[in-house]
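Peer 1: Structure file data.cif, mmCIF, C-alpha atoms, is pasted below:
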data_final
loop_
_atom_site.label_atom_id
_atom_site.label_comp_id
_atom_site.auth_asym_id
_atom_site.auth_seq_id
_atom_site.Cartn_x
_atom_site.Cartn_y
_atom_site.Cartn_z
CA MET N 1 19.32 37.64 -80.42
CA THR N 2 19.61 39.22 -76.95
CA PRO N 3 18.74 37.13 -73.87
CA THR N 4 15.77 39.41 -73.08
CA ARG N 5 14.33 38.92 -76.58
CA LEU N 6 14.95 35.19 -76.35
CA LEU N 7 13.07 35.02 -73.04
CA ALA N 8 10.25 37.24 -74.34
CA GLY N 9 9.93 34.98 -77.39
CA PHE N 10 9.87 31.90 -75.21
CA LEU N 11 7.14 33.36 -72.98
CA LEU N 12 5.08 34.52 -75.98
CA ALA N 13 5.30 31.06 -77.53
CA LEU N 14 4.16 29.52 -74.22
CA MET N 15 1.22 31.96 -73.99
CA ALA N 16 0.19 31.26 -77.59
CA PHE N 17 0.36 27.53 -76.93
CA ALA N 18 -1.65 27.87 -73.71
CA THR N 19 -4.27 29.98 -75.51
CA ALA N 20 -4.58 27.36 -78.24
CA LEU N 21 -5.10 24.69 -75.60
CA ILE N 22 -7.63 26.73 -73.63
CA THR N 23 -9.72 27.39 -76.71
CA ALA N 24 -9.53 23.73 -77.74
CA GLN N 25 -12.61 21.57 -77.33
CA PRO N 26 -12.76 18.92 -74.61
CA LEU N 27 -12.30 15.34 -75.83
CA SER N 28 -15.99 14.91 -76.58
CA GLY N 29 -17.53 18.23 -77.57
CA GLU N 30 -20.20 20.26 -75.72
CA SER N 31 -23.72 19.79 -74.36
CA ALA N 32 -25.49 18.89 -71.15
CA GLY N 33 -26.31 15.32 -70.19
CA PHE N 34 -25.61 13.72 -66.80
CA ARG N 35 -23.38 16.21 -64.97
CA ASN N 36 -22.89 18.22 -68.19
CA ALA N 37 -21.66 15.21 -70.12
CA PRO N 38 -21.64 15.93 -73.86
CA ALA N 39 -24.16 14.24 -76.13
CA SER N 40 -21.33 12.29 -77.75
CA ALA N 41 -20.68 10.55 -74.41
CA THR N 42 -23.90 8.59 -74.78
CA GLN N 43 -22.43 6.90 -77.87
CA MET N 44 -19.70 5.21 -75.83
CA LYS N 45 -20.42 1.58 -75.05
CA ASN N 46 -19.33 -0.21 -71.90
CA PRO N 47 -17.20 -3.15 -73.06
CA TYR N 48 -18.12 -5.08 -69.91
CA ALA N 49 -21.62 -6.34 -69.17
CA VAL N 50 -23.14 -5.52 -65.79
CA ASP N 51 -23.30 -9.26 -65.02
CA ASN N 52 -19.61 -9.71 -65.85
CA GLU N 53 -18.47 -10.76 -62.37
CA ALA N 54 -14.77 -10.21 -63.02
CA ALA N 55 -15.36 -6.68 -64.32
CA VAL N 56 -17.75 -5.77 -61.51
CA GLY N 57 -15.42 -7.32 -58.91
CA GLY N 58 -12.50 -5.33 -60.27
CA GLY N 59 -14.68 -2.22 -60.29
CA LYS N 60 -15.62 -2.82 -56.67
CA LYS N 61 -11.95 -2.99 -55.70
CA LEU N 62 -11.15 0.15 -57.71
CA TYR N 63 -14.08 1.93 -56.08
CA ALA N 64 -12.73 1.05 -52.62
CA GLN N 65 -9.27 2.33 -53.58
CA ASN N 66 -10.23 5.52 -55.34
CA CYS N 67 -13.80 6.59 -54.56
CA ALA N 68 -14.93 5.25 -51.17
CA GLN N 69 -12.89 7.79 -49.20
CA CYS N 70 -15.31 10.52 -50.38
CA HIS N 71 -18.49 8.69 -51.46
CA GLY N 72 -18.48 6.14 -48.62
CA LYS N 73 -17.85 2.41 -48.50
CA ASN N 74 -21.51 1.71 -49.28
CA LEU N 75 -21.89 4.50 -51.88
CA GLN N 76 -23.98 6.38 -49.35
CA GLY N 77 -22.18 9.71 -49.86
CA MET N 78 -20.21 11.67 -47.27
CA GLY N 79 -20.17 15.43 -46.69
CA PRO N 80 -20.17 17.25 -50.01
CA ALA N 81 -19.70 14.01 -52.00
CA PRO N 82 -23.16 12.79 -53.10
CA THR N 83 -24.59 9.30 -52.76
CA LEU N 84 -23.99 7.07 -55.76
CA LEU N 85 -27.22 5.17 -55.19
CA SER N 86 -29.65 7.56 -56.80
CA SER N 87 -32.23 7.77 -59.55
CA SER N 88 -30.07 10.18 -61.55
CA LEU N 89 -27.25 7.65 -61.51
CA LYS N 90 -29.62 4.80 -62.32
CA ASN N 91 -30.94 6.74 -65.31
CA ALA N 92 -27.53 7.90 -66.51
CA ASN N 93 -26.12 6.43 -69.67
CA PRO N 94 -22.95 4.31 -69.06
CA GLY N 95 -21.04 6.57 -71.46
CA GLU N 96 -22.04 9.62 -69.43
CA LEU N 97 -20.82 7.97 -66.23
CA PHE N 98 -17.56 7.09 -67.95
CA TRP N 99 -17.20 10.69 -69.17
CA PHE N 100 -17.83 12.09 -65.69
CA ILE N 101 -15.38 9.69 -64.01
CA THR N 102 -12.78 10.65 -66.63
CA ASN N 103 -13.26 14.43 -66.36
CA GLY N 104 -14.56 14.98 -62.84
CA ASP N 105 -15.75 18.39 -61.76
CA LEU N 106 -12.64 20.10 -60.42
CA ASN N 107 -14.47 23.23 -59.31
CA LYS N 108 -16.71 21.15 -57.06
CA GLY N 109 -13.94 18.95 -55.72
CA MET N 110 -14.52 15.85 -57.85
CA PRO N 111 -11.18 14.88 -59.39
CA GLY N 112 -10.95 13.39 -62.85
CA TRP N 113 -9.63 9.83 -63.06
CA ALA N 114 -8.12 9.88 -66.54
CA GLN N 115 -4.91 8.54 -65.01
CA LEU N 116 -6.63 5.18 -64.62
CA PRO N 117 -6.60 3.06 -67.78
CA LYS N 118 -9.95 3.31 -69.58
CA GLN N 119 -10.56 -0.39 -68.92
CA GLN N 120 -10.49 0.33 -65.18
CA ARG N 121 -12.80 3.34 -65.53
CA TRP N 122 -15.27 1.10 -67.35
CA GLN N 123 -14.94 -1.45 -64.53
CA ILE N 124 -15.98 1.27 -62.07
CA VAL N 125 -18.95 2.11 -64.32
CA SER N 126 -19.95 -1.59 -64.34
CA PHE N 127 -19.77 -1.72 -60.52
CA LEU N 128 -21.89 1.45 -60.14
CA GLU N 129 -24.43 0.14 -62.64
CA SER N 130 -24.63 -3.23 -60.88
CA ARG N 131 -25.20 -1.58 -57.49
CA ASN N 132 -27.87 0.73 -58.88
CA ALA N 133 -29.56 -2.12 -60.78
CA SER N 134 -29.81 -4.22 -57.61
CA LYS N 135 -31.10 -1.29 -55.53
CA MET S 1 2.39 24.45 -26.59
CA SER S 2 -0.10 23.65 -23.80
CA LYS S 3 -0.60 20.06 -22.58
CA THR S 4 -4.10 19.99 -24.06
CA ALA S 5 -2.88 21.13 -27.47
CA LEU S 6 -0.04 18.60 -27.34
CA TYR S 7 -2.47 15.82 -26.37
CA LYS S 8 -4.84 16.79 -29.19
CA THR S 9 -1.99 16.89 -31.69
CA LEU S 10 -0.70 13.43 -30.65
CA LEU S 11 -4.23 12.03 -30.72
CA PHE S 12 -4.74 13.51 -34.16
CA VAL S 13 -1.50 12.07 -35.55
CA GLY S 14 -2.45 8.63 -34.21
CA TRP S 15 -5.94 8.93 -35.60
CA ILE S 16 -4.97 9.85 -39.12
CA THR S 17 -2.29 7.15 -39.14
CA LEU S 18 -4.79 4.48 -38.13
CA SER S 19 -7.48 5.79 -40.44
CA ALA S 20 -5.36 6.03 -43.57
CA SER S 21 -7.28 4.78 -46.59
CA PRO S 22 -6.02 2.86 -49.60
CA ALA S 23 -3.94 5.22 -51.70
CA PRO S 24 -5.63 6.23 -54.94
CA ALA S 25 -3.78 4.99 -57.98
CA GLY S 26 -2.88 8.43 -59.26
CA ASP S 27 0.82 8.61 -58.59
CA ARG S 28 3.24 8.08 -61.40
CA PRO S 29 6.64 6.44 -60.95
CA TYR S 30 8.50 9.61 -61.94
CA PHE S 31 10.98 11.50 -59.75
CA VAL S 32 11.59 14.67 -61.80
CA THR S 33 8.66 14.87 -64.22
CA TYR S 34 5.15 15.95 -63.22
CA ASP S 35 2.00 14.83 -64.94
CA GLN S 36 -1.46 16.47 -64.84
CA THR S 37 -2.69 14.48 -61.84
CA MET S 38 -3.52 16.69 -58.86
CA GLU S 39 -3.85 15.62 -55.24
CA GLU S 40 -7.47 14.86 -54.32
CA PRO S 41 -8.98 17.81 -52.40
CA GLY S 42 -8.42 17.50 -48.65
CA ASN S 43 -5.90 14.65 -48.94
CA LEU S 44 -2.39 14.82 -47.52
CA GLU S 45 0.37 12.81 -49.10
CA ILE S 46 3.75 12.40 -47.48
CA GLU S 47 6.66 11.24 -49.58
CA ALA S 48 10.24 10.45 -48.65
CA MET S 49 12.77 10.34 -51.47
CA GLY S 50 16.40 9.37 -51.37
CA LEU S 51 19.16 9.72 -53.94
CA THR S 52 22.68 8.39 -53.86
CA ALA S 53 25.48 9.24 -56.26
CA SER S 54 29.18 9.97 -56.35
CA PRO S 55 30.90 12.67 -58.41
CA GLN S 56 34.09 11.64 -60.20
CA GLY S 57 36.99 12.32 -57.84
CA GLY S 58 34.68 13.36 -55.00
CA ASN S 59 32.84 11.95 -52.04
CA GLY S 60 29.68 9.93 -52.41
CA PHE S 61 26.51 11.36 -50.93
CA LEU S 62 22.99 10.45 -49.94
CA SER S 63 20.38 13.17 -50.19
CA GLY S 64 16.92 13.01 -48.69
CA VAL S 65 13.77 14.95 -49.38
CA THR S 66 10.55 14.87 -47.37
CA GLU S 67 7.52 16.15 -49.22
CA PHE S 68 4.11 17.12 -47.87
CA GLU S 69 1.52 17.41 -50.64
CA TYR S 70 -1.98 18.73 -49.99
CA GLY S 71 -4.95 18.97 -52.32
CA ALA S 72 -6.24 22.50 -51.67
CA LYS S 73 -8.77 22.37 -54.53
CA GLY S 74 -9.50 20.01 -57.37
CA TRP S 75 -7.38 22.26 -59.60
CA TRP S 76 -4.76 23.38 -57.03
CA THR S 77 -2.16 21.28 -55.25
CA THR S 78 0.35 22.75 -52.81
CA GLU S 79 3.53 21.06 -51.57
CA PHE S 80 6.19 21.75 -48.98
CA TYR S 81 9.62 20.11 -49.09
CA LEU S 82 12.45 19.75 -46.61
CA ASP S 83 15.86 18.89 -48.08
CA GLY S 84 19.02 17.48 -46.53
CA GLN S 85 22.05 15.43 -47.42
CA THR S 86 24.95 13.51 -45.99
CA THR S 87 28.30 13.36 -47.75
CA SER S 88 30.84 10.73 -46.80
CA ASN S 89 33.99 12.07 -45.07
CA GLU S 90 32.22 15.43 -44.68
CA SER S 91 28.98 16.12 -42.84
CA THR S 92 25.21 15.73 -42.65
CA ILE S 93 23.32 18.96 -43.18
CA PHE S 94 19.87 20.42 -43.69
CA THR S 95 19.95 22.26 -47.00
CA GLY S 96 16.67 24.16 -47.11
CA PHE S 97 13.01 24.11 -48.04
CA ARG S 98 10.77 24.52 -51.05
CA TRP S 99 7.16 25.58 -51.43
CA GLU S 100 5.49 24.53 -54.62
CA ASN S 101 2.06 25.14 -56.15
CA ARG S 102 0.52 23.48 -59.17
CA PHE S 103 -2.53 24.85 -60.98
CA ARG S 104 -4.46 22.88 -63.51
CA LEU S 105 -5.27 25.29 -66.35
CA LEU S 106 -8.11 23.35 -68.00
CA MET S 107 -10.95 21.84 -66.01
CA HIS S 108 -11.66 18.96 -68.39
CA GLU S 109 -9.52 16.19 -69.79
CA HIS S 110 -7.95 17.07 -73.15
CA LYS S 111 -5.52 15.37 -75.47
CA VAL S 112 -2.83 17.56 -73.91
CA ASN S 113 -3.42 18.84 -70.38
CA PRO S 114 -1.44 21.89 -69.25
CA VAL S 115 -0.55 22.55 -65.62
CA LEU S 116 1.29 25.64 -64.34
CA TYR S 117 3.87 25.03 -61.62
CA ILE S 118 5.39 27.77 -59.46
CA GLU S 119 7.96 27.04 -56.74
CA TYR S 120 9.92 29.13 -54.26
CA GLU S 121 13.15 27.58 -53.04
CA ASP S 122 15.28 28.69 -50.12
CA ILE S 123 18.15 26.25 -50.25
CA ASN S 124 21.91 26.46 -50.07
CA GLY S 125 24.63 25.46 -52.50
CA ALA S 126 25.12 22.10 -50.76
CA ASP S 127 21.66 20.88 -51.79
CA LYS S 128 22.01 17.63 -53.73
CA SER S 129 18.40 16.58 -54.09
CA LEU S 130 18.50 17.06 -57.91
CA LEU S 131 14.74 17.44 -58.13
CA GLU S 132 15.35 19.31 -61.36
CA ILE S 133 18.37 19.84 -63.58
CA VAL S 134 18.66 23.34 -65.05
CA GLY S 135 21.26 25.50 -66.74
CA PHE S 136 24.70 23.95 -66.49
CA ASP S 137 24.15 21.96 -63.27
CA SER S 138 26.85 19.30 -63.23
CA GLN S 139 28.45 16.57 -61.18
CA TYR S 140 31.35 18.94 -60.48
CA ASP S 141 29.01 21.00 -58.26
CA GLY S 142 29.18 17.98 -55.95
CA LEU S 143 32.95 18.36 -55.50
CA VAL S 144 32.59 21.54 -53.44
CA PRO S 145 32.88 20.63 -49.72
CA ASN S 146 29.71 20.99 -47.66
CA ARG S 147 31.10 23.69 -45.35
CA GLU S 148 31.93 25.86 -48.35
CA ALA S 149 28.90 25.08 -50.52
CA SER S 150 26.44 25.63 -47.67
CA ARG S 151 27.50 29.29 -47.43
CA GLU S 152 25.95 29.98 -50.82
CA ARG S 153 22.31 31.00 -50.36
CA GLN S 154 19.99 30.13 -53.24
CA ARG S 155 16.63 31.87 -53.07
CA GLU S 156 15.11 30.87 -56.35
CA MET S 157 11.85 30.86 -58.25
CA GLU S 158 11.13 27.92 -60.49
CA ALA S 159 8.35 27.80 -63.06
CA ARG S 160 7.29 24.84 -65.14
CA LEU S 161 4.83 24.33 -67.90
CA ILE S 162 3.62 20.75 -67.48
CA LEU S 163 2.01 19.11 -70.50
CA SER S 164 0.59 15.68 -69.99
CA SER S 165 -1.50 13.18 -71.94
CA ASN S 166 -3.08 9.83 -71.20
CA ILE S 167 -3.23 7.69 -74.33
CA ASN S 168 -4.49 4.10 -74.22
CA GLY S 169 -3.16 3.53 -70.71
CA TRP S 170 0.14 5.27 -71.40
CA ASN S 171 0.99 8.53 -69.71
CA VAL S 172 3.21 10.91 -71.68
CA SER S 173 4.41 14.01 -69.84
CA GLU S 174 6.72 16.88 -70.73
CA ASN S 175 7.92 19.64 -68.40
CA PHE S 176 9.60 22.87 -69.55
CA ILE S 177 11.52 24.39 -66.65
CA ALA S 178 12.73 27.96 -66.06
CA GLU S 179 14.55 28.86 -62.84
CA LYS S 180 16.03 32.09 -61.58
CA ASN S 181 18.03 33.05 -58.52
CA LEU S 182 16.25 36.07 -57.03
CA ALA S 183 19.65 37.66 -56.39
CA GLY S 184 20.15 38.28 -60.10
CA PRO S 185 20.38 36.89 -63.62
CA PRO S 186 20.50 34.64 -65.52
CA TRP S 187 17.44 32.49 -66.09
CA GLU S 188 18.34 28.81 -66.25
CA PHE S 189 16.40 26.34 -68.35
CA GLY S 190 15.78 22.64 -68.26
CA TYR S 191 13.33 19.97 -69.29
CA SER S 192 12.07 16.58 -68.35
CA ALA S 193 9.94 14.08 -70.23
CA ALA S 194 8.58 10.72 -69.25
CA VAL S 195 6.34 7.87 -70.33
CA SER S 196 4.84 5.12 -68.23
CA ARG S 197 1.99 2.64 -68.09
CA PRO S 198 0.61 0.07 -65.65
CA LEU S 199 1.69 -3.51 -66.32
CA ALA S 200 -1.98 -4.54 -66.54
CA MET S 201 -4.92 -2.46 -67.72
CA LEU S 202 -7.66 -4.49 -66.06
CA ALA S 203 -8.06 -4.65 -62.30
CA SER S 204 -8.41 -8.14 -60.85
CA ALA S 205 -11.45 -8.80 -58.67
CA THR S 206 -9.47 -9.96 -55.64
CA GLU S 207 -7.26 -8.04 -53.27
CA CYS S 208 -3.66 -8.72 -54.21
CA VAL S 209 -0.21 -7.42 -53.51
CA TRP S 210 1.74 -8.74 -56.44
CA CYS S 211 -0.79 -8.36 -59.27
CA ARG S 212 0.49 -6.64 -62.36
CA GLU S 213 -1.97 -3.75 -62.13
CA ASN S 214 -0.15 -2.61 -58.96
CA PHE S 215 3.04 -1.97 -60.93
CA GLN S 216 3.85 0.85 -63.32
CA ALA S 217 6.95 0.97 -65.48
CA GLY S 218 8.34 3.72 -67.64
CA LEU S 219 11.25 5.84 -68.72
CA GLU S 220 12.28 9.34 -67.72
CA LEU S 221 14.64 11.71 -69.55
CA PHE S 222 15.76 15.04 -68.12
CA GLY S 223 18.52 17.61 -68.30
CA GLY S 224 19.66 21.21 -68.51
CA MET S 225 19.22 23.56 -71.44
CA GLY S 226 21.62 26.35 -70.57
CA THR S 227 20.78 29.90 -69.63
CA THR S 228 19.49 33.10 -71.23
CA ASP S 229 23.12 33.94 -72.06
CA ASN S 230 23.83 30.57 -73.59
CA PHE S 231 20.76 28.55 -74.49
CA THR S 232 22.25 25.18 -75.44
CA LEU S 233 22.54 21.51 -74.60
CA HIS S 234 26.33 21.65 -74.97
CA GLY S 235 28.07 21.25 -71.62
CA THR S 236 24.85 20.38 -69.79
CA SER S 237 23.91 17.33 -67.72
CA GLN S 238 21.53 14.87 -69.32
CA TYR S 239 20.04 11.77 -67.72
CA ILE S 240 17.96 8.76 -68.63
CA ALA S 241 16.18 6.64 -66.02
CA PRO S 242 14.01 3.56 -66.21
CA VAL S 243 11.37 3.92 -63.48
CA LEU S 244 9.23 1.39 -61.65
CA SER S 245 6.55 1.81 -59.00
CA TRP S 246 4.64 -0.64 -56.87
CA GLN S 247 1.47 0.21 -55.01
CA VAL S 248 0.73 -1.83 -51.93
CA HIS S 249 -2.15 -0.91 -49.63
CA ASN S 250 -1.69 2.73 -48.57
CA ALA S 251 1.83 3.12 -49.89
CA LEU S 252 3.57 3.55 -53.20
CA PHE S 253 7.20 2.53 -53.59
CA LYS S 254 9.27 3.64 -56.56
CA ILE S 255 12.83 3.23 -57.78
CA ALA S 256 14.87 4.72 -60.61
CA PRO S 257 18.41 3.73 -61.51
CA THR S 258 19.57 6.85 -63.36
CA PHE S 259 22.36 7.10 -65.90
CA GLY S 260 24.27 10.18 -67.02
CA LEU S 261 24.56 10.73 -70.76
CA THR S 262 27.16 13.53 -70.88
CA ASP S 263 30.51 14.32 -69.26
CA ALA S 264 28.89 16.88 -66.95
CA SER S 265 26.40 14.31 -65.63
CA TYR S 266 26.88 12.01 -62.67
CA ARG S 267 27.75 8.67 -64.21
CA ALA S 268 25.04 6.88 -62.23
CA MET S 269 22.54 7.70 -59.51
CA PHE S 270 20.00 5.62 -57.68
CA ARG S 271 16.69 7.03 -56.45
CA VAL S 272 14.07 5.51 -54.20
CA GLY S 273 10.78 6.95 -52.97
CA VAL S 274 7.96 5.98 -50.64
CA THR S 275 4.60 7.74 -50.66
CA TYR S 276 1.88 7.41 -48.06
CA GLU S 277 -1.51 9.07 -48.39
CA PHE S 278 -3.91 10.23 -45.69
CA SER S 279 -7.34 10.74 -47.18
CA GLY S 280 -9.72 13.36 -45.81
CA PHE S 281 -6.90 15.00 -43.86
CA GLY S 282 -8.36 18.51 -44.16
CA ARG S 283 -11.81 17.37 -43.05
CA LYS S 284 -10.40 15.46 -40.06
CA LEU S 285 -8.20 18.39 -39.07
CA ALA S 286 -11.15 20.79 -39.16
CA ARG S 287 -13.28 18.39 -37.08
CA MET S 288 -10.49 17.92 -34.53
CA PHE S 289 -10.05 21.58 -33.72
CA HIS S 290 -13.66 22.78 -33.92
#
Please lay out the structure from this file as structure tokens.

Peer 2:
Amino acid sequence: MTPTRLLAGFLLALMAFATALITAQPLSGESAGFRNAPASATQMKNPYAVDNEAAVGGGKKLYAQNCAQCHGKNLQGMGPAPTLLSSSLKNANPGELFWFITNGDLNKGMPGWAQLPKQQRWQIVSFLESRNASK
Amino acid sequence: MSKTALYKTLLFVGWITLSASPAPAGDRPYFVTYDQTMEEPGNLEIEAMGLTASPQGGNGFLSGVTEFEYGAKGWWTTEFYLDGQTTSNESTIFTGFRWENRFRLLMHEHKVNPVLYIEYEDINGADKSLLEIVGFDSQYDGLVPNREASRERQREMEARLILSSNINGWNVSENFIAEKNLAGPPWEFGYSAAVSRPLAMLASATECVWCRENFQAGLELFGGMGTTDNFTLHGTSQYIAPVLSWQVHNALFKIAPTFGLTDASYRAMFRVGVTYEFSGFGRKLARMFH
């Protein structure tokens, strides 16, 4: 096989693989809940109760490390990043919040946080729920 | 530069230094492998990396890379690198620069997340940063004296397909690398793969420096895969490296003792890196000059 054919084959294989990935479904299917979260997201249960002080405390620390720079120390929102003390957040299902934290909205500047272990993403959900419950 | 502009620049540098926020926990402990994590939009991350090694029968060296990483969009991260090295009994030289862009191809999290990486390098033959291993790169390249090696100009394009997954707290990443000198053929190929995970999955409620969740450990494997004329692992350099990172306040420290697996590889290398993140850099910059 000539080098040019080898390279062409390699590139074609990459393109086919990329196409397969692009046409693949996201982790949880399609639909439109909180921030376009799929319906399946509502099935996910938060393993930590909102009154679990350790989970909420850990979530508060994670929020300060990862979220406060855009959403503000008091969840008040800053610039294009919205407040996280709102009725839409209060009404959102915990699974939808978890889905949105995991996936983000890259086109609107909200990064996904899938690099955090899922336990930590749930801790952030618990903290947000606790703050919205006490509002 | 006028005095006013200089004053504003110094004020700005002081301001962003004092207003640095806690670094988000997105950085992996890898040195060669990329995962799907992009820089947060508007954030600037500065990283200094050092590598020390010694080729068999040659002089030991210490190479340094300074990296400026900026989140242009949620799906686009751009980076600029400055490379240099010092070789014992020879000299200390600047070896060139690199400009890299990473584009996330899918906007949502999938089981496998592809990222396209394109880099332009303008370095010389004395560059010893070993940020990637391609083709038949070997420890014997390090035997060429600096004054001779630095005459070789390497204007190269590097492309990577980054595939990365997060599974139950583990990150698994694979990079397929193709690099070409713009002066002519051949294409050179390489790969890297890595796994890592935090030492604790749950975050503790209190601020702490030494808690396990601040540490990530893993393993990195990388090496060359020959060229278009000779696509093979035979005669290439291959490395394995346990990696460890520690996040403390705004900074991330990482180390990787690296071991060569083939005759062409350096027998051992040691890498260290320090990353510091300035959040909201773009916003602050815009506010400063408007």

Peer 1: Since I can't run it myself right now, could you work out what the PyMOL selection byres ((chain S and resi 146) around 9) selects here and report it as a PyMOL selection string?

Peer 2: chain S and resi 87+90-93+125-126+142-145+147-151

Peer 1: Take the residues from that selection and write them out as a PDB file, keeping the file's coordinate frame, keeping C-alpha atoms.

Peer 2:
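The result, stored in selection.pdb:
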ATOM      1  CA  THR S  87      28.300  13.360 -47.750  1.00  0.00           C
ATOM      2  CA  GLU S  90      32.220  15.430 -44.680  1.00  0.00           C
ATOM      3  CA  SER S  91      28.980  16.120 -42.840  1.00  0.00           C
ATOM      4  CA  THR S  92      25.210  15.730 -42.650  1.00  0.00           C
ATOM      5  CA  ILE S  93      23.320  18.960 -43.180  1.00  0.00           C
ATOM      6  CA  GLY S 125      24.630  25.460 -52.500  1.00  0.00           C
ATOM      7  CA  ALA S 126      25.120  22.100 -50.760  1.00  0.00           C
ATOM      8  CA  GLY S 142      29.180  17.980 -55.950  1.00  0.00           C
ATOM      9  CA  LEU S 143      32.950  18.360 -55.500  1.00  0.00           C
ATOM     10  CA  VAL S 144      32.590  21.540 -53.440  1.00  0.00           C
ATOM     11  CA  PRO S 145      32.880  20.630 -49.720  1.00  0.00           C
ATOM     12  CA  ARG S 147      31.100  23.690 -45.350  1.00  0.00           C
ATOM     13  CA  GLU S 148      31.930  25.860 -48.350  1.00  0.00           C
ATOM     14  CA  ALA S 149      28.900  25.080 -50.520  1.00  0.00           C
ATOM     15  CA  SER S 150      26.440  25.630 -47.670  1.00  0.00           C
ATOM     16  CA  ARG S 151      27.500  29.290 -47.430  1.00  0.00           C
TER      17      ARG S 151
END

Peer 1: As AutoDock Vina command-line options, please: the centre and edge lengths in Å, to one decimal, of an axis-aligned box enclosing every listed atom of segment 70-76 of chain N with 3 Å added on each side.

Peer 2:
--center_x -19.6 --center_y 6.1 --center_z -50.2 --size_x 14.7 --size_y 14.8 --size_z 9.4

Peer 1: Quick one, how far is atom CA of Phe103 of chain S from atom CA of Gly42 of chain S?

Peer 2: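 So the answer is 15.5 Å.
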
Peer 1: Considering only C-alpha atoms, state which residue in the set S:Tyr34, S:Phe80, S:Leu62, S:Glu207 is at the smallest distance from Lys60 of chain N.

Peer 2: S:Glu207

Peer 1: From the options S:Arg212, S:His290, S:His249, S:Arg102, which residue's atoms come nearest to chain N, counting only C-alpha atoms?

Peer 2: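 Once distances to chain N are computed over only C-alpha atoms, the minimum belongs to S:His249.
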
Peer 1: Need the shell around Met78 of chain N: protein/DNA/RNA residues with any atom at most 12 Å away, counting only C-alpha atoms. Skip same-chain ones fewer than 6 positions apart. Format as an MDAnalysis selection string?

Peer 2: (chainID N and resid 67:72 84) or (chainID S and resid 280 283)
